[in-house]
file entry_7.tsv (TSV, C-alpha atoms and all ligand atoms)
chain	number	residue	atom	x	y	z
A	1	MET	CA	8.55	21.87	4.29
A	2	GLY	CA	10.98	23.65	1.98
A	3	LEU	CA	12.81	22.42	-1.08
A	4	ARG	CA	16.11	20.60	-1.41
A	5	SER	CA	18.92	21.68	-3.73
A	6	ILE	CA	18.23	21.76	-7.47
A	7	LYS	CA	21.50	19.85	-7.90
A	8	GLU	CA	19.74	16.57	-7.19
A	9	ILE	CA	17.66	17.01	-10.34
A	10	PHE	CA	20.78	17.02	-12.53
A	11	ILE	CA	23.01	14.07	-11.68
A	12	VAL	CA	25.82	12.84	-13.89
A	13	GLY	CA	25.94	9.09	-14.31
A	14	HIS	CA	25.44	6.09	-16.52
A	15	GLY	CA	22.11	5.49	-18.24
A	16	PRO	CA	19.72	4.04	-19.04
A	17	SER	CA	17.60	4.63	-15.93
A	18	SER	CA	17.96	6.86	-12.88
A	19	SER	CA	15.61	4.71	-10.80
A	20	HIS	CA	16.73	1.34	-12.19
A	21	THR	CA	20.49	1.85	-12.62
A	22	MET	CA	21.63	4.97	-10.73
A	23	GLY	CA	19.41	4.27	-7.68
A	24	PRO	CA	20.53	0.63	-7.31
A	25	HIS	CA	24.14	1.73	-7.83
A	26	PHE	CA	23.84	4.29	-4.99
A	27	ALA	CA	22.06	1.65	-2.86
A	28	CYS	CA	24.97	-0.77	-3.32
A	29	ASP	CA	27.42	2.01	-2.42
A	30	TYR	CA	25.44	2.70	0.73
A	31	ILE	CA	25.44	-0.98	1.75
A	32	LEU	CA	29.17	-1.33	1.07
A	33	LYS	CA	29.92	1.73	3.20
A	34	LYS	CA	27.64	0.70	6.05
A	35	TYR	CA	28.65	-2.94	6.50
A	36	LYS	CA	32.15	-4.35	7.04
A	37	ASN	CA	33.54	-7.87	6.62
A	38	ILE	CA	30.86	-8.83	4.12
A	39	LYS	CA	30.79	-12.48	3.06
A	40	HIS	CA	27.78	-12.41	0.74
A	41	ILE	CA	24.99	-10.08	-0.39
A	42	SER	CA	21.63	-11.13	-1.73
A	43	VAL	CA	19.64	-8.41	-3.51
A	44	THR	CA	15.95	-9.00	-4.21
A	45	LEU	CA	14.23	-6.63	-6.63
A	46	TYR	CA	10.48	-6.05	-6.42
A	47	GLY	CA	7.80	-4.34	-8.49
A	48	SER	CA	8.97	-2.32	-11.45
A	49	LEU	CA	12.60	-3.10	-10.64
A	50	ALA	CA	11.82	-6.82	-11.00
A	51	LEU	CA	9.58	-6.44	-14.05
A	52	THR	CA	11.80	-4.17	-16.13
A	53	GLY	CA	15.14	-4.56	-14.37
A	54	LYS	CA	16.60	-6.74	-17.13
A	55	GLY	CA	15.85	-4.22	-19.87
A	56	HIS	CA	16.98	-1.37	-17.66
A	57	LEU	CA	20.29	-3.15	-16.87
A	58	THR	CA	19.60	-3.22	-13.09
A	59	ASP	CA	21.29	-6.58	-12.51
A	60	TYR	CA	24.24	-5.48	-14.64
A	61	ILE	CA	24.77	-2.32	-12.57
A	62	ILE	CA	24.45	-4.27	-9.28
A	63	ASP	CA	27.08	-6.73	-10.53
A	64	LEU	CA	29.36	-3.81	-11.35
A	65	SER	CA	28.70	-2.03	-8.05
A	66	LEU	CA	29.25	-5.02	-5.77
A	67	LYS	CA	32.43	-5.85	-7.64
A	68	ASP	CA	34.23	-8.85	-6.12
A	69	ILE	CA	31.82	-9.45	-3.24
A	70	PRO	CA	29.95	-12.73	-3.71
A	71	HIS	CA	26.34	-11.83	-4.45
A	72	GLU	CA	23.14	-12.82	-6.18
A	73	VAL	CA	20.34	-10.76	-7.71
A	74	LYS	CA	16.78	-12.11	-7.53
A	75	PHE	CA	13.78	-10.79	-9.46
A	76	ASP	CA	10.59	-11.15	-7.38
A	77	LYS	CA	7.79	-10.30	-9.81
A	78	THR	CA	4.89	-11.35	-7.57
A	79	THR	CA	5.34	-9.83	-4.11
A	80	VAL	CA	3.64	-6.44	-3.88
A	81	THR	CA	5.58	-3.76	-2.00
A	82	GLU	CA	4.37	-0.36	-0.87
A	83	HIS	CA	6.72	1.42	-3.28
A	84	PRO	CA	7.20	-0.09	-6.76
A	85	ASN	CA	10.97	0.33	-6.75
A	86	THR	CA	11.93	-1.57	-3.62
A	87	MET	CA	15.11	-3.63	-3.10
A	88	THR	CA	15.90	-5.87	-0.16
A	89	PHE	CA	19.55	-6.38	0.67
A	90	VAL	CA	20.42	-9.37	2.86
A	91	VAL	CA	24.00	-8.81	3.97
A	92	ASP	CA	25.90	-11.74	5.45
A	93	THR	CA	28.90	-10.53	7.47
A	94	ASN	CA	31.33	-11.95	10.03
A	95	GLU	CA	29.24	-10.15	12.68
A	96	GLY	CA	25.90	-11.60	11.57
A	97	LYS	CA	23.18	-11.33	8.95
A	98	PHE	CA	21.39	-8.02	8.29
A	99	SER	CA	18.42	-7.16	6.13
A	100	GLU	CA	17.74	-3.73	4.74
A	101	ASN	CA	15.06	-2.35	2.41
A	102	VAL	CA	16.10	0.44	0.08
A	103	ILE	CA	13.73	2.31	-2.23
A	104	SER	CA	14.77	3.98	-5.46
A	105	ILE	CA	12.45	6.97	-5.57
A	106	GLY	CA	13.44	8.33	-8.98
A	107	GLY	CA	16.06	10.65	-10.39
A	108	GLY	CA	18.80	8.54	-8.75
A	109	SER	CA	17.70	9.25	-5.16
A	110	ILE	CA	17.26	6.46	-2.62
A	111	ILE	CA	15.61	6.14	0.79
A	112	THR	CA	15.28	3.50	3.47
A	113	ILE	CA	11.94	2.99	5.12
A	114	ASP	CA	12.91	5.44	7.86
A	115	ASN	CA	15.54	7.75	6.48
A	116	LEU	CA	16.37	9.66	3.39
A	117	LEU	CA	19.84	8.41	2.62
A	118	ASP	CA	20.75	10.90	0.05
A	119	THR	CA	23.36	13.28	1.43
A	120	ARG	CA	21.77	16.11	-0.52
A	121	ILE	CA	18.64	15.95	1.59
A	122	LYS	CA	18.94	19.30	3.32
A	123	GLU	CA	16.08	21.63	2.56
A	124	ILE	CA	17.61	24.93	1.57
A	125	TYR	CA	14.65	26.83	0.18
A	126	PRO	CA	12.05	28.32	2.52
A	127	HIS	CA	9.16	27.71	0.12
A	128	GLN	CA	7.59	24.49	-1.07
A	129	TYR	CA	5.26	25.64	-3.84
A	130	MET	CA	5.74	27.66	-7.01
A	131	THR	CA	2.88	30.02	-6.20
A	132	ASP	CA	4.66	31.10	-3.00
A	133	ILE	CA	7.99	31.42	-4.81
A	134	MET	CA	6.40	33.45	-7.60
A	135	ASN	CA	4.65	35.79	-5.17
A	136	TYR	CA	7.86	36.22	-3.19
A	137	CYS	CA	9.87	37.03	-6.34
A	138	ILE	CA	7.30	39.53	-7.55
A	139	GLU	CA	7.10	41.18	-4.14
A	140	LYS	CA	10.90	41.43	-3.83
A	141	ASP	CA	11.28	42.32	-7.51
A	142	ILE	CA	13.78	39.54	-8.16
A	143	SER	CA	13.93	36.93	-10.93
A	144	LEU	CA	13.55	33.19	-10.44
A	145	TYR	CA	17.24	32.88	-11.21
A	146	GLN	CA	18.09	35.37	-8.46
A	147	TYR	CA	15.85	33.40	-6.10
A	148	VAL	CA	17.82	30.24	-6.88
A	149	GLU	CA	21.12	32.07	-6.53
A	150	MET	CA	20.06	33.40	-3.10
A	151	HIS	CA	19.55	29.91	-1.67
A	152	GLU	CA	22.03	27.60	-3.40
A	153	ASP	CA	25.71	27.51	-2.43
A	154	LYS	CA	28.47	29.34	-4.26
A	155	ASN	CA	29.54	26.28	-6.27
A	156	THR	CA	26.17	25.91	-7.93
A	157	TYR	CA	26.96	27.90	-11.05
A	158	ASP	CA	30.10	25.79	-11.64
A	159	TYR	CA	28.11	22.63	-10.94
A	160	PHE	CA	25.73	23.59	-13.73
A	161	LYS	CA	28.57	24.61	-15.99
A	162	ASN	CA	29.75	21.02	-15.71
A	163	VAL	CA	26.19	19.74	-16.25
A	164	LEU	CA	26.12	21.61	-19.57
A	165	LYS	CA	29.55	20.25	-20.50
A	166	VAL	CA	28.51	16.65	-19.81
A	167	MET	CA	25.29	17.14	-21.79
A	168	ASP	CA	27.30	18.53	-24.72
A	169	GLU	CA	29.72	15.61	-24.57
A	170	ALA	CA	26.79	13.18	-24.66
A	171	VAL	CA	25.46	14.98	-27.75
A	172	VAL	CA	28.82	14.67	-29.52
A	173	ARG	CA	29.15	10.97	-28.71
A	174	GLY	CA	25.54	10.36	-29.70
A	175	LEU	CA	25.95	12.15	-33.04
A	176	ASN	CA	28.98	10.06	-33.90
A	177	ALA	CA	27.76	6.64	-32.79
A	178	GLU	CA	26.52	3.93	-35.11
A	179	GLY	CA	25.17	0.41	-34.74
A	180	TYR	CA	22.41	-0.99	-32.55
A	181	LEU	CA	21.27	-0.24	-29.03
A	182	PRO	CA	21.53	-3.07	-26.46
A	183	GLY	CA	18.75	-5.62	-26.24
A	184	LYS	CA	16.40	-7.68	-28.36
A	185	LEU	CA	14.55	-4.78	-29.97
A	186	LYS	CA	17.25	-4.20	-32.59
A	187	VAL	CA	16.77	-0.44	-32.49
A	188	ARG	CA	19.37	1.25	-34.69
A	189	ARG	CA	21.16	4.36	-33.44
A	190	LYS	CA	19.81	7.04	-35.74
A	191	ALA	CA	21.04	10.44	-34.53
A	192	LYS	CA	23.96	10.50	-36.95
A	193	GLU	CA	21.80	9.55	-39.95
A	194	MET	CA	19.21	12.11	-38.89
A	195	TYR	CA	21.88	14.80	-38.66
A	196	ILE	CA	23.04	14.04	-42.20
A	197	SER	CA	19.42	14.07	-43.49
A	198	MET	CA	18.86	17.41	-41.78
A	199	GLU	CA	21.90	18.91	-43.46
A	200	HIS	CA	20.51	17.85	-46.84
A	201	SER	CA	17.00	19.14	-46.12
A	202	ALA	CA	15.58	22.41	-47.50
A	203	LEU	CA	16.27	24.45	-44.37
A	204	GLY	CA	19.27	22.43	-43.22
A	205	ALA	CA	20.37	23.12	-39.65
A	206	LYS	CA	17.99	26.10	-39.54
A	207	ASP	CA	15.05	23.71	-39.26
A	208	VAL	CA	14.18	24.09	-35.58
A	209	ALA	CA	12.16	20.89	-35.14
A	210	MET	CA	14.74	18.75	-36.93
A	211	ASN	CA	17.73	20.27	-35.20
A	212	VAL	CA	16.14	19.97	-31.75
A	213	ALA	CA	15.06	16.38	-32.46
A	214	VAL	CA	18.51	15.32	-33.67
A	215	HIS	CA	20.12	16.61	-30.45
A	216	SER	CA	17.50	14.95	-28.27
A	217	PHE	CA	17.98	11.67	-30.12
A	218	ALA	CA	21.75	11.86	-29.69
A	219	VAL	CA	21.48	12.05	-25.88
A	220	SER	CA	18.56	9.62	-25.53
A	221	GLU	CA	20.41	7.02	-27.61
A	222	GLU	CA	23.53	7.57	-25.57
A	223	ASN	CA	21.43	7.00	-22.44
A	224	ALA	CA	19.86	3.84	-23.85
A	225	ALA	CA	23.36	2.54	-24.59
A	226	GLY	CA	24.39	3.03	-20.93
A	227	GLY	CA	26.61	6.05	-21.70
A	228	ILE	CA	27.27	8.95	-19.35
A	229	ILE	CA	24.45	11.48	-19.36
A	230	VAL	CA	22.81	13.93	-16.96
A	231	THR	CA	19.44	13.19	-15.38
A	232	ALA	CA	17.00	15.97	-16.20
A	233	PRO	CA	15.09	14.97	-14.13
A	234	THR	CA	15.69	11.28	-14.96
A	235	CYS	CA	17.74	9.21	-17.39
A	236	GLY	CA	14.78	8.24	-19.59
A	237	SER	CA	13.90	11.91	-19.99
A	238	ALA	CA	17.53	13.07	-20.34
A	239	GLY	CA	17.13	13.94	-24.03
A	240	VAL	CA	14.55	16.70	-23.57
A	241	ILE	CA	16.74	19.46	-22.08
A	242	PRO	CA	19.66	18.99	-24.55
A	243	GLY	CA	17.13	19.42	-27.40
A	244	CYS	CA	15.91	22.65	-25.78
A	245	ILE	CA	19.52	23.81	-25.35
A	246	GLN	CA	20.13	23.35	-29.07
A	247	TYR	CA	17.13	25.58	-29.74
A	248	LEU	CA	18.57	28.26	-27.44
A	249	ARG	CA	21.90	28.10	-29.25
A	250	MET	CA	20.14	28.43	-32.61
A	251	LYS	CA	18.60	31.61	-31.21
A	252	GLY	CA	21.99	32.96	-30.14
A	253	VAL	CA	21.49	32.64	-26.37
A	254	SER	CA	24.80	32.92	-24.48
A	255	GLU	CA	26.34	29.98	-22.64
A	256	GLU	CA	26.10	31.89	-19.36
A	257	ASN	CA	22.39	32.45	-19.85
A	258	ILE	CA	21.86	28.78	-20.74
A	259	ILE	CA	23.57	27.75	-17.48
A	260	LYS	CA	21.31	30.12	-15.56
A	261	GLY	CA	18.34	28.71	-17.47
A	262	LEU	CA	19.31	25.21	-16.37
A	263	MET	CA	19.26	26.41	-12.78
A	264	VAL	CA	15.77	27.86	-13.21
A	265	ALA	CA	14.68	24.55	-14.79
A	266	GLY	CA	16.02	22.79	-11.71
A	267	LEU	CA	13.65	24.74	-9.48
A	268	PHE	CA	10.67	23.35	-11.39
A	269	GLY	CA	12.16	19.87	-11.29
A	270	ILE	CA	12.67	19.86	-7.52
A	271	ILE	CA	9.12	21.14	-6.95
A	272	CYS	CA	7.79	18.17	-8.96
A	273	LYS	CA	10.10	15.73	-7.21
A	274	MET	CA	9.23	16.87	-3.69
A	275	ASN	CA	5.52	17.59	-4.13
A	276	ALA	CA	4.76	14.75	-6.54
A	277	SER	CA	7.22	12.39	-8.21
A	278	VAL	CA	9.77	12.11	-11.02
A	279	SER	CA	9.48	8.34	-11.17
A	280	GLY	CA	7.83	6.52	-14.07
A	281	ALA	CA	7.29	3.55	-11.76
A	282	GLU	CA	5.33	5.72	-9.36
A	283	CYS	CA	3.44	8.12	-11.67
A	284	GLY	CA	4.05	7.14	-15.31
A	285	CYS	CA	5.91	9.09	-17.97
A	286	GLN	CA	4.10	12.33	-17.10
A	287	ALA	CA	6.48	12.38	-14.09
A	288	GLU	CA	9.56	11.91	-16.26
A	289	ILE	CA	9.21	13.37	-19.75
A	290	GLY	CA	6.25	15.52	-18.69
A	291	VAL	CA	8.36	17.10	-15.94
A	292	ALA	CA	11.35	17.40	-18.29
A	293	CYS	CA	9.12	19.23	-20.76
A	294	SER	CA	8.01	21.70	-18.10
A	295	MET	CA	11.64	22.21	-17.01
A	296	GLY	CA	12.64	22.80	-20.64
A	297	ALA	CA	9.84	25.34	-21.10
A	298	ALA	CA	10.93	27.21	-17.95
A	299	MET	CA	14.54	27.26	-19.16
A	300	ILE	CA	13.61	28.60	-22.60
A	301	ALA	CA	11.30	31.26	-21.17
A	302	HIS	CA	14.02	32.37	-18.74
A	303	CYS	CA	16.65	32.54	-21.49
A	304	PHE	CA	14.33	34.66	-23.65
A	305	GLY	CA	14.02	37.16	-20.80
A	306	LYS	CA	10.35	36.48	-20.08
A	307	ASN	CA	8.84	37.67	-16.82
A	308	THR	CA	8.25	35.37	-13.86
A	309	ILE	CA	4.56	34.84	-14.62
A	310	ASP	CA	5.34	33.82	-18.20
A	311	ILE	CA	8.14	31.48	-17.12
A	312	VAL	CA	5.84	29.76	-14.64
A	313	GLN	CA	2.99	29.61	-17.15
A	314	SER	CA	5.28	28.11	-19.79
A	315	ALA	CA	6.20	25.33	-17.37
A	316	GLU	CA	2.57	24.92	-16.31
A	317	ILE	CA	1.30	24.55	-19.88
A	318	ALA	CA	4.01	22.00	-20.66
A	319	LEU	CA	3.15	19.92	-17.60
A	320	GLU	CA	-0.64	20.27	-17.85
A	321	HIS	CA	-0.63	18.93	-21.38
A	322	SER	CA	1.57	16.01	-20.45
A	323	LEU	CA	-0.89	14.80	-17.79
A	324	GLY	CA	-1.84	11.16	-18.11
A	325	LEU	CA	1.23	10.18	-20.10
A	326	THR	CA	1.90	6.50	-19.43
A	327	CYS	CA	5.16	4.62	-19.08
A	328	ASP	CA	5.23	1.51	-21.27
A	329	PRO	CA	8.80	0.81	-22.41
A	330	VAL	CA	8.81	-2.05	-24.91
A	331	ASP	CA	10.46	-5.16	-23.44
A	332	GLY	CA	11.67	-3.01	-20.52
A	333	TYR	CA	14.24	-1.10	-22.60
A	334	VAL	CA	14.48	2.69	-22.30
A	335	GLN	CA	14.20	2.97	-26.08
A	336	ILE	CA	10.60	2.75	-27.36
A	337	PRO	CA	8.79	5.11	-26.77
A	338	CYS	CA	11.41	7.01	-24.71
A	339	ILE	CA	13.82	8.21	-27.41
A	340	GLU	CA	11.27	9.67	-29.83
A	341	ARG	CA	9.25	11.02	-26.95
A	342	CYS	CA	12.19	13.07	-25.63
A	343	ALA	CA	12.56	14.69	-29.06
A	344	LEU	CA	8.87	15.43	-29.40
A	345	PHE	CA	8.58	16.89	-25.90
A	346	ALA	CA	11.61	19.13	-26.44
A	347	ILE	CA	9.70	20.62	-29.38
A	348	LYS	CA	6.60	20.79	-27.21
A	349	ALA	CA	8.52	22.78	-24.58
A	350	ILE	CA	9.30	25.41	-27.21
A	351	ASN	CA	5.65	25.61	-28.20
A	352	ALA	CA	4.51	25.79	-24.57
A	353	VAL	CA	6.57	28.99	-24.20
A	354	LYS	CA	5.11	30.43	-27.41
A	355	LEU	CA	1.60	29.76	-26.09
A	356	ALA	CA	2.28	31.06	-22.59
A	357	VAL	CA	3.52	34.44	-23.76
A	358	ILE	CA	0.41	35.17	-25.82
A	359	ILE	CA	-2.09	34.05	-23.17
A	360	PRO	CA	-3.03	37.11	-21.08
A	361	ASP	CA	-1.47	37.00	-17.60
A	362	ASP	CA	-4.74	38.14	-15.99
A	363	ASP	CA	-6.77	35.10	-17.07
A	364	ILE	CA	-4.83	32.13	-15.72
A	365	HIS	CA	-6.98	29.38	-14.22
A	366	VAL	CA	-4.49	26.58	-13.56
A	367	SER	CA	-1.40	27.23	-11.46
A	368	TYR	CA	1.83	25.26	-11.71
A	369	ASP	CA	1.10	23.76	-8.30
A	370	ASP	CA	-2.34	22.65	-9.55
A	371	SER	CA	-0.70	20.79	-12.41
A	372	VAL	CA	1.90	19.19	-10.12
A	373	LYS	CA	-0.81	18.07	-7.69
A	374	THR	CA	-2.92	16.69	-10.55
A	375	MET	CA	0.06	14.88	-12.01
A	376	TYR	CA	0.64	13.11	-8.71
A	377	LYS	CA	-3.01	12.19	-8.17
A	378	THR	CA	-3.30	10.96	-11.76
A	379	GLY	CA	-0.13	8.93	-11.28
A	380	ILE	CA	-1.38	7.31	-8.09
A	381	ASP	CA	-4.69	6.43	-9.81
A	382	MET	CA	-2.93	5.08	-12.92
A	383	ASN	CA	-3.12	1.35	-13.48
A	384	ALA	CA	0.20	-0.34	-12.60
A	385	LYS	CA	0.35	-1.68	-16.17
A	386	TYR	CA	1.32	1.81	-17.28
A	387	LYS	CA	3.94	2.52	-14.62
A	388	GLU	CA	7.23	1.10	-15.84
A	389	THR	CA	6.16	-2.51	-15.58
A	390	SER	CA	6.09	-3.16	-19.34
A	391	LEU	CA	2.79	-4.99	-18.89
A	392	GLY	CA	0.56	-2.58	-20.84
A	393	GLY	CA	0.47	-0.04	-23.63
A	394	LEU	CA	3.12	-0.29	-26.33
A	395	ALA	CA	4.92	-2.93	-24.31
A	396	GLU	CA	1.85	-5.15	-24.60
A	397	THR	CA	1.27	-4.42	-28.29
A	398	ILE	CA	4.83	-4.77	-29.51
A	399	LYS	CA	6.74	-7.90	-28.69
A	400	PRO	CA	10.31	-8.30	-29.90
A	401	ASP	CA	11.33	-11.46	-31.75
A	402	ASP	CA	13.21	-13.85	-29.53
B	501	LIG	S1	8.27	5.68	-21.12
B	501	LIG	FE1	8.94	7.56	-20.06
B	501	LIG	S2	8.90	7.03	-17.87
B	501	LIG	FE2	8.85	5.11	-19.02
B	501	LIG	S3	11.01	4.44	-19.17
B	501	LIG	FE3	10.53	5.65	-21.03
B	501	LIG	S4	11.12	7.75	-20.51
B	501	LIG	FE4	11.01	6.65	-18.56

call {"tool": "encode", "arguments": {"input": "entry_7.tsv", "output": "structure tokens", "more": "lines below"}}
Ligand code: SF4
result
Amino acid sequence: MGLRSIKEIFIVGHGPSSSHTMGPHFACDYILKKYKNIKHISVTLYGSLALTGKGHLTDYIIDLSLKDIPHEVKFDKTTVTEHPNTMTFVVDTNEGKFSENVISIGGGSIITIDNLLDTRIKEIYPHQYMTDIMNYCIEKDISLYQYVEMHEDKNTYDYFKNVLKVMDEAVVRGLNAEGYLPGKLKVRRKAKEMYISMEHSALGAKDVAMNVAVHSFAVSEENAAGGIIVTAPTCGSAGVIPGCIQYLRMKGVSEENIIKGLMVAGLFGIICKMNASVSGAECGCQAEIGVACSMGAAMIAHCFGKNTIDIVQSAEIALEHSLGLTCDPVDGYVQIPCIERCALFAIKAINAVKLAVIIPDDDIHVSYDDSVKTMYKTGIDMNAKYKETSLGGLAETIKPDD
């Protein structure tokens, strides 16, 4: 097996959840394209989609996607399905009734039981694991960016230029927004207030942690409000990379180098997605914000001109020390702990790079692939309460007022 395009890690769309809003939206699109003369569609959501679909706006996005077609959305919270993000579409047409299961596998991608539906499924890289890629790059004396450039198509740089633009636009909207996020939690949008506090602080905008956090908050709040963001690798984790980008800009890194850094980050994201998971419902938050943190670390290390071993070790350290991170969004909303966590893990990505470059390259005991494999095994072993069901953790401790 090789790897698919890094483009599928960075998808532009509406928040708040790649698996719970983007995936169902793409599933509806698929059904509408496949079937003609539709009289009625019934969509049943199972597992995590049923348990947290309300807070994640799944029914809202299905209503929007199916437009004028008569439909109903059912939440089946008791039937256990093989994959936690399964949807059954029963499509009533003039030609007969058809039933189809679609799975939202994370990061906005969907599959049927038999086929990967996503049109971006083609494997374009010859390697599957980072160790092989790293060895290949060292042997050929090329950078990870050059490796990506060799295998992606010619439009990829422009694709990522647009990714950066959309991320920046989300930051601007987030920094100017006020009021409360949707839902019962009554979480106030704070990025603007935080920005003003930062400007009045001793270091002002030179304070790295504050500046990074403010930018992460801006995008994460925009995501929680259903605004347009870029998955990196998911919606819930979309605030991590923009925080890291702000750090790079504070350090004077050029826009061109940031775009290339995003492409290197994508390589780490697709390795996690294809060899493990980027779905909180499947593997907990280690698969979302943990992976985002490792992508951010790889991007920063690339932009600082670090060698391939240091870039890979930066990503490895970030992922290794995110292992076990649970997914427990309060009341099913991608707000608590997601927003603060994005900010904190953007800062962690910076520190992972600082640690990686001082650890000697000849005494590395855990490879990136080891961490990815461990993340997946840990995720599979994790109790379902901690996998985007809002049945455990903070979601159990904190109950919003009705
Ligand atoms: S806790 Fe993490 S995995 Fe769960 S919804 Fe929030 S960001 Fe996604």

call {"tool": "closest_residue", "arguments": {"input": "entry_7.tsv", "among": "A:Ala225, A:Met299, A:Ile241, A:Cys338", "to": "ligand LIG 501 (chain B)", "atoms": "only C-alpha atoms and all ligand atoms"}}
result
A:Cys338

call {"tool": "residues_near_ligand", "arguments": {"input": "entry_7.tsv", "ligand": "ligand LIG 501 (chain B)", "cutoff": "9 Å", "atoms": "only C-alpha atoms and all ligand atoms", "output": "MDAnalysis selection string"}}
result
chainID A and resid 16:18 56 234:238 278:281 283:290 325:330 332:339 341:342 386:390

call {"tool": "residues_near_point", "arguments": {"input": "entry_7.tsv", "point": "(4.5, 2.7, -8.5)", "cutoff": "6 Å", "atoms": "all atoms listed in the file", "output": "NGL selection string"}}
result
:A and (83-84 or 281-282)

call {"tool": "closest_residue", "arguments": {"input": "entry_7.tsv", "among": "A:Ile133, A:Val312, A:Leu185, A:Ile62", "to": "Asp401 in chain A", "atoms": "all atoms listed in the file"}}
result
A:Leu185

call {"tool": "closest_residue", "arguments": {"input": "entry_7.tsv", "among": "A:Glu396, A:Asp153, A:Glu316, A:Asp361", "to": "Lys373 in chain A", "atoms": "all atoms listed in the file"}}
result
A:Glu316

call {"tool": "atom_distance", "arguments": {"input": "entry_7.tsv", "atom1": "CA of Phe160 in chain A", "atom2": "CA of Met1 in chain A"}}
result
25.0 Å

call {"tool": "atom_distance", "arguments": {"input": "entry_7.tsv", "atom1": "CA of Ala209 in chain A", "atom2": "CA of Ile317 in chain A"}}
result
19.1 Å

call {"tool": "closest_residue", "arguments": {"input": "entry_7.tsv", "among": "A:Ala232, A:Val219, A:Cys28, A:Ala346", "to": "Val163 in chain A", "atoms": "only C-alpha atoms"}}
result
A:Ala232

call {"tool": "closest_residue", "arguments": {"input": "entry_7.tsv", "among": "A:Glu178, A:Asp331, A:Lys251, A:Val291", "to": "Lys399 in chain A", "atoms": "all atoms listed in the file"}}
result
A:Asp331

call {"tool": "atom_distance", "arguments": {"input": "entry_7.tsv", "atom1": "CA of Tyr368 in chain A", "atom2": "CA of Leu355 in chain A"}}
result
15.1 Å

call {"tool": "closest_atom_pairs", "arguments": {"input": "entry_7.tsv", "of": "range 97-210 of chain A", "to": "range 30-46 of chain A", "cutoff": "10 Å", "atoms": "only C-alpha atoms", "output": "JSON lines"}}
result
{"residue": "A:Lys97", "atom": "CA", "partner": "A:Ile38", "partner_atom": "CA", "distance": 9.4}
{"residue": "A:Phe98", "atom": "CA", "partner": "A:Tyr35", "partner_atom": "CA", "distance": 9.0}
{"residue": "A:Ser99", "atom": "CA", "partner": "A:Ser42", "partner_atom": "CA", "distance": 9.4}
{"residue": "A:Glu100", "atom": "CA", "partner": "A:Ile31", "partner_atom": "CA", "distance": 8.7}
{"residue": "A:Asn101", "atom": "CA", "partner": "A:Thr44", "partner_atom": "CA", "distance": 9.4}
{"residue": "A:Val102", "atom": "CA", "partner": "A:Ile31", "partner_atom": "CA", "distance": 9.6}
{"residue": "A:Ile103", "atom": "CA", "partner": "A:Tyr46", "partner_atom": "CA", "distance": 9.9}
{"residue": "A:Ile110", "atom": "CA", "partner": "A:Tyr30", "partner_atom": "CA", "distance": 9.6}
{"residue": "A:Leu117", "atom": "CA", "partner": "A:Tyr30", "partner_atom": "CA", "distance": 8.2}
{"residue": "A:Asp118", "atom": "CA", "partner": "A:Tyr30", "partner_atom": "CA", "distance": 9.5}

call {"tool": "closest_residue", "arguments": {"input": "entry_7.tsv", "among": "A:Ser104, A:Ser371, A:Thr397, A:Ser109", "to": "Thr231 in chain A", "atoms": "only C-alpha atoms"}}
result
A:Ser109

call {"tool": "residues_around", "arguments": {"input": "entry_7.tsv", "residues": "Phe217 in chain A", "least_positions_apart": "4", "cutoff": "8 Å", "atoms": "all atoms listed in the file", "output": "VMD selection string"}}
result
chain A and resid 174 190 to 191 213 221 239 339 to 340 342 to 343

call {"tool": "residues_around", "arguments": {"input": "entry_7.tsv", "residues": "Gly47 in chain A", "least_positions_apart": "3", "cutoff": "9 Å", "atoms": "all atoms listed in the file", "output": "NGL selection string"}}
result
:A and (50-52 or 75-81 or 83-86 or 281 or 389)

call {"tool": "residues_around", "arguments": {"input": "entry_7.tsv", "residues": "Tyr136 in chain A", "least_positions_apart": "6", "cutoff": "12 Å", "atoms": "all atoms listed in the file", "output": "list in words"}}
result
Pro126, His127, Gln128, Tyr129, Met130, Ile142, Ser143, Leu144, Gln146, Tyr147, Thr308 and Ile309 of chain A

call {"tool": "residues_around", "arguments": {"input": "entry_7.tsv", "residues": "range 272-276 of chain A", "least_positions_apart": "3", "cutoff": "7 Å", "atoms": "all atoms listed in the file", "output": "mmCIF file with C-alpha atoms, keeping the file's coordinate frame"}}
result
data_model
loop_
_atom_site.group_PDB
_atom_site.id
_atom_site.type_symbol
_atom_site.label_atom_id
_atom_site.label_comp_id
_atom_site.auth_asym_id
_atom_site.auth_seq_id
_atom_site.Cartn_x
_atom_site.Cartn_y
_atom_site.Cartn_z
ATOM 1 C CA PHE A 268 10.670 23.350 -11.390
ATOM 2 C CA GLY A 269 12.160 19.870 -11.290
ATOM 3 C CA VAL A 372 1.900 19.190 -10.120
ATOM 4 C CA LYS A 373 -0.810 18.070 -7.690
ATOM 5 C CA TYR A 376 0.640 13.110 -8.710
#
